[in-house]
Amino acid sequence: MRFVLNDDQVALRDGIRALCVGKFPMARVREGFDAAVWKELADAGVFSLPDLRFGLAEEAVVVEELGRALVPGPLVWGVLAHSADEVVTGASAGLVAHAKMADRLLGDPDDLAPVANPIDPLTPVHTTGAAAITDYQRPGAILTAAYMVGMAAACTDAAVAYAKEREQFDTPIGRFQSIKHLLADSFVRAELARAAVHAAAVDPTDRSASAAKILAGDAAVANAKTSFQVHGGMGFTWEVDVHLYLKRAWILDRQFGTTDEHADALSA
Amino acid sequence: MDLTDSAVEAAFRAEVRAWLDTTLPPLSAPPAREDWEARRSFDTDWQKRLFDAGYAGIDWSTDYGGRGATPGEHLVFLEEMAAARAPNVGVNFVGLLHAGPTLIAEGTAEQKARYLPAILRGDEVWCQGFSEPSAGSDLASLRTRAVRDGDDYIVSGHKIWTSFAQVAERAELLVRTDPDASKHKGISWLVLDMDTPGIDVRPLKTVLGSSEFSELYLDEVRVPAANLVGPEHDGWRVAMVTFSFERGTSLVGEMLETRRRVEELRPAAQLAGYRREYGRIVAELDGVWALTRRAVSEAAEHGAPGPSASVGKLAYTEVVQRVGDLALKCLEGGSLSLDNTYVEERLRVLALTVAAGTSQIQRNIIGERILGLPR
């Protein structure tokens with residue numbers, strides 16, 4: 001057993017993190033998904049990791065970094081389908097994200113109807129009658145969980161940074177135990193979820209995938225809520241990024257099985 | 001990242017499993033909870049068997065009589081012990097998991113030679129004299145005084161939450177040696193021989209009705225200055241070494257036991273209609289277990305556990321209480337007896353979010369030492 005990132009995995013993580021910092025700052029992320037996003041990620045090898053003899057573990061490491069930066073797009077589908085040249089997306093739980101931007105719709109979902117004014121401004125969605133593609137269910141759950149771990153960690157980082165800088169009662173609010181303990185719990189949720197995602201990525205089973213999706217889904221939603229609370233009134237503004245994380249988490253919770261569906265599966 | 005056994009780990013697993021297959025069947029049943037002499041005898045007998053087989057102090061260096069196993073082999077050993085339902089560490093807990101590792105890190109050559117072999121062989125039982133009635137989470141405010149008198153310290157004070165004191169030969173004791181220094185600076189870590197005159201052991205009755213904890217009343221107890229571990233007045237730092245071990249792998253055996261009990265609970269949780277909470281608990285325990293395996297792998301690369309041990313401790317102790325809550329809901333009314341193992345467990349785990357640093361103290365440690373928030 002050596003359950004830590006190996007040298008290749010560390011290099012991948014650091015490389016993709018640097019790519020995201022350089023090419024996907026929040027100002028660009030807020031412009032939403034377009035073909036250029038896909039092209040740049042494809043050029044970086046995000047959708048063709050198997051060509052480098054990498055597997056699900058490395059894909060999870062990479063996708064977590066995309067989640068940390070909240071890079072928009074049907075990226076998990078691209079990783080699943082190893083589709084570097086074409087933008088692809090697919091149906092899960094009766095929803096298809098980014099359908100109009102896609103060159104190819106996996107599984108040919110039909111009866112597409114757009115959701116007006118979608119909850120996540122960066123994720124246009126259509127409803128569909130098509131069933132999910134079962135081949136992708138398990139790795140899709142694991143990679144979506146990986147993306148949500150990145151989101152959960154980013155929410156912790158943003159809230160911690162704000163708590164160090166924002167002063168009330170003449171002191172940084174992060175000194176107060178009421179705030180400190182919220183942030184500690186936020187950190188623990190992300191750590192727990194990351195360990196579960198990595199365990200699932202190296203030993204993918206229905207059980208490990210469900211555990212990963214539950215813990216990452218809970219962490220992404222709960223850490224976004226914690227970040228709201230720590231940011232106070234500013235968190236309620238469109239300008240501050242927190243709402244984008246919570247809205248995405250709500251969308252992703254529906255992809256490849258909800259937290260509740262996976263919990264029911266684990267009790268069977 | 002790799003979760004599978006290495007060749008060495010797989011061979012070690014087979015060896016341990018074979019040993020347990022032959023060693024466990026002839027073992028007598030564990031004694032009654034309150035029969036302390038019998039419990040001491042049972043637990044130390046088990047420790048002797050481990051010692052004779054080369055499994056005592058599995059993670060201790062061979063320099064000190066241990067096996068010098070890697071953290072990965074240590075985990076394999078704990079997994080096999082739990083799977084076979086072998087006796088747990090019992091009254092040897094403080095010696096093997098607190099005092100021993102602390103002596104290895106901080107003790108003199110004489111102290112190591114004097115105490116470590118007796119711990120490994122099960123010849124001597126240790127207890128912990130850290131907490132005081134007015135020094136719990138604020139442990140550094142402890143007031144038990146040690147005044148130097150020639151080659152001795154004269155120790156007076158009142159300790160509490162001393163586990164297994166009624167059967168212990170030694171205690172690890174935190175005392176104040178410099179009352180004028182700031183509270184973290186004037187503390188020392190001493191070895192106390194429990195047969196020294198002036199020690200009064202008074203068992204406490206817990207919510208379980210059990211008496212594994214005692215109060216220690218110390219009235220001018222003479223402790224040789226040679227029993228000082230680490231530098232004088234530097235006992236707080238030495239105690240932090242002890243705590244990092246306590247929060248590190250010492251919960252692993254109990255995590256495995258909890259995972260087994262949760263599997264046993266599965267049919268009842270379905271019948272009682274608590275499926276979703278049960279599924280979440282399974283996920284959280286799997287996450288805690290993954291985090292534990294990560295911590296063990298990190299320890300193999302970087303050595304002693306640091307503040308990250310607080311993450312696993314906090315996560316496990318919170319979820320295990322929910323396991324107990326769910327079990328109580330699933331039980332039929334006639335099972336609500338202290339003799340029921342789920343009821344006993346629910347009560348026992350109440351202590352886990354308090355002992356070895358409360359959940360709130362763990363959150364302070366995570367907030368300040370990992371996230372860098374101001375104190």
# chains A, B, ... in the order shown; residues from 1 in each chain; ligands from 1

call {"tool": "residues_around", "arguments": {"residues": "A:Leu183", "least_positions_apart": "2", "cutoff": "7 Å", "atoms": "only C-alpha atoms", "output": "list in words"}}
result
Thr156, Val160, Ile179, Lys180, His181, Asp185, Ser186 and Phe187 of chain A; Gly367 of chain B

call {"tool": "select_by_dssp", "arguments": {"residues": "stretch 111-347 of chain B", "states": "strand (DSSP E or B)", "output": "PyMOL selection string"}}
result
chain B and resi 126-129+132+135+145-149+152-163+170-176+187-193+199-203+213-224+228-229+234

call {"tool": "atom_distance", "arguments": {"atom1": "atom CA of A:Trp38", "atom2": "atom CA of A:Cys20"}}
result
12.7 Å

call {"tool": "interface_residues", "arguments": {"of": "chain A", "to": "chain B", "cutoff": "7 Å", "atoms": "only C-alpha atoms", "output": "list of chain:residue names"}}
result
A:Met1, A:Arg2, A:Phe3, A:Val4, A:Leu5, A:Asn6, A:Lys164, A:Gly174, A:Arg175, A:Lys180, A:His181, A:Leu183, A:Ala184, A:Val188, A:Leu192, A:Ala193, A:Ala195, A:Ala196, A:Ala199, A:Val202, A:Ala211, A:Ile214, A:Leu215, A:Asp260, A:Ala263, A:Asp264, A:Leu266, A:Ser267

call {"tool": "residues_around", "arguments": {"residues": "B:Thr196", "least_positions_apart": "2", "cutoff": "12 Å", "atoms": "only C-alpha atoms", "output": "PDB file with C-alpha atoms, in the first residue's frame"}}
result
ATOM      1  CA  ILE B 154       8.116  15.923  46.087  1.00  0.00           C
ATOM      2  CA  VAL B 155       4.802  15.758  44.234  1.00  0.00           C
ATOM      3  CA  GLU B 169       2.752  -0.168  38.082  1.00  0.00           C
ATOM      4  CA  ARG B 170       3.692   3.141  36.464  1.00  0.00           C
ATOM      5  CA  ALA B 171       2.092   6.430  35.608  1.00  0.00           C
ATOM      6  CA  VAL B 191       7.506   8.571  35.548  1.00  0.00           C
ATOM      7  CA  LEU B 192       5.653   7.761  38.759  1.00  0.00           C
ATOM      8  CA  ASP B 193       5.961   4.336  40.404  1.00  0.00           C
ATOM      9  CA  MET B 194       2.463   3.529  41.582  1.00  0.00           C
ATOM     10  CA  GLY B 198       1.360   8.920  49.342  1.00  0.00           C
ATOM     11  CA  ILE B 199      -0.716   7.790  46.327  1.00  0.00           C
ATOM     12  CA  ASP B 200      -4.445   7.256  46.834  1.00  0.00           C
ATOM     13  CA  VAL B 201      -6.335   5.694  43.903  1.00  0.00           C
ATOM     14  CA  LEU B 218      -0.885  12.594  45.444  1.00  0.00           C
ATOM     15  CA  ASP B 219       0.287  13.696  48.891  1.00  0.00           C
ATOM     16  CA  GLU B 220       4.000  14.485  49.102  1.00  0.00           C
ATOM     17  CA  VAL B 221       4.937  11.593  46.859  1.00  0.00           C
ATOM     18  CA  ARG B 222       8.718  11.229  46.402  1.00  0.00           C
ATOM     19  CA  VAL B 223       9.702  10.761  42.753  1.00  0.00           C
ATOM     20  CA  PRO B 224      13.390  10.345  41.892  1.00  0.00           C
TER      21      PRO B 224
END

call {"tool": "atom_distance", "arguments": {"atom1": "atom CA of A:Leu12", "atom2": "atom CA of A:Glu65"}}
result
9.6 Å

call {"tool": "residues_around", "arguments": {"residues": "A:Ala116", "least_positions_apart": "2", "cutoff": "9 Å", "atoms": "only C-alpha atoms", "output": "list in words"}}
result
Pro114, Pro118, Ile119, Pro124, Val125 and His126 of chain A

call {"tool": "residues_around", "arguments": {"residues": "B:Phe213", "least_positions_apart": "3", "cutoff": "9 Å", "atoms": "only C-alpha atoms", "output": "list of chain:residue names"}}
result
B:Ile160, B:Trp161, B:Thr162, B:Ser163, B:Phe164, B:Ala165, B:Gln166, B:Arg202, B:Pro203, B:Leu204, B:Lys205, B:Thr206, B:Ser210

call {"tool": "residues_around", "arguments": {"residues": "B:Glu345", "least_positions_apart": "4", "cutoff": "10 Å", "atoms": "only C-alpha atoms", "output": "short mmCIF file (atom, residue, chain, number, x, y, z; two decimals) with C-alpha atoms, in the first residue's frame"}}
result
data_model
loop_
_atom_site.label_atom_id
_atom_site.label_comp_id
_atom_site.auth_asym_id
_atom_site.auth_seq_id
_atom_site.Cartn_x
_atom_site.Cartn_y
_atom_site.Cartn_z
CA LEU B 208 -21.59 2.74 31.93
CA THR B 258 -16.90 -0.15 14.23
CA VAL B 320 -19.14 6.77 15.41
CA GLN B 321 -21.60 8.57 17.66
CA VAL B 323 -23.53 4.86 14.40
CA GLY B 324 -24.58 4.54 18.02
CA ALA B 327 -28.24 1.46 16.45
CA LEU B 328 -30.35 2.67 19.37
CA LEU B 338 -26.78 -1.90 29.61
CA ASN B 340 -26.75 -4.94 25.10
CA THR B 341 -23.50 -4.34 23.25
CA VAL B 349 -18.34 6.44 22.48
CA LEU B 350 -19.72 9.50 24.28
#

call {"tool": "residues_around", "arguments": {"residues": "A:Gly90", "least_positions_apart": "2", "cutoff": "9 Å", "atoms": "only C-alpha atoms", "output": "list in words"}}
result
Pro74, Trp77, Val88, Ser92, Leu95, Val96, Ala97, Ala99, Arg104, Leu105, Leu106, Gly107, Asp108, Pro109, Ala132 and Ile133 of chain A

call {"tool": "select_by_dssp", "arguments": {"residues": "stretch 113-249 of chain A", "states": "alpha helix (DSSP H)", "output": "VMD selection string"}}
result
chain A and resid 137 to 165 177 to 202 206 to 231 242 to 249

call {"tool": "closest_residue", "arguments": {"among": "A:Thr171, A:Arg13, A:Ala220, A:Ala163", "to": "A:Arg189", "atoms": "only C-alpha atoms"}}
result
A:Ala220

call {"tool": "atom_distance", "arguments": {"atom1": "atom CA of B:His98", "atom2": "atom CA of B:Glu79"}}
result
20.7 Å

call {"tool": "closest_residue", "arguments": {"among": "A:Ala27, A:Ala60, A:Ala159, A:Ala42", "to": "A:His82", "atoms": "only C-alpha atoms"}}
result
A:Ala42

call {"tool": "closest_residue", "arguments": {"among": "A:Ala93, A:Ala145, A:Ala102, A:Met151", "to": "A:Thr128", "atoms": "only C-alpha atoms"}}
result
A:Ala93
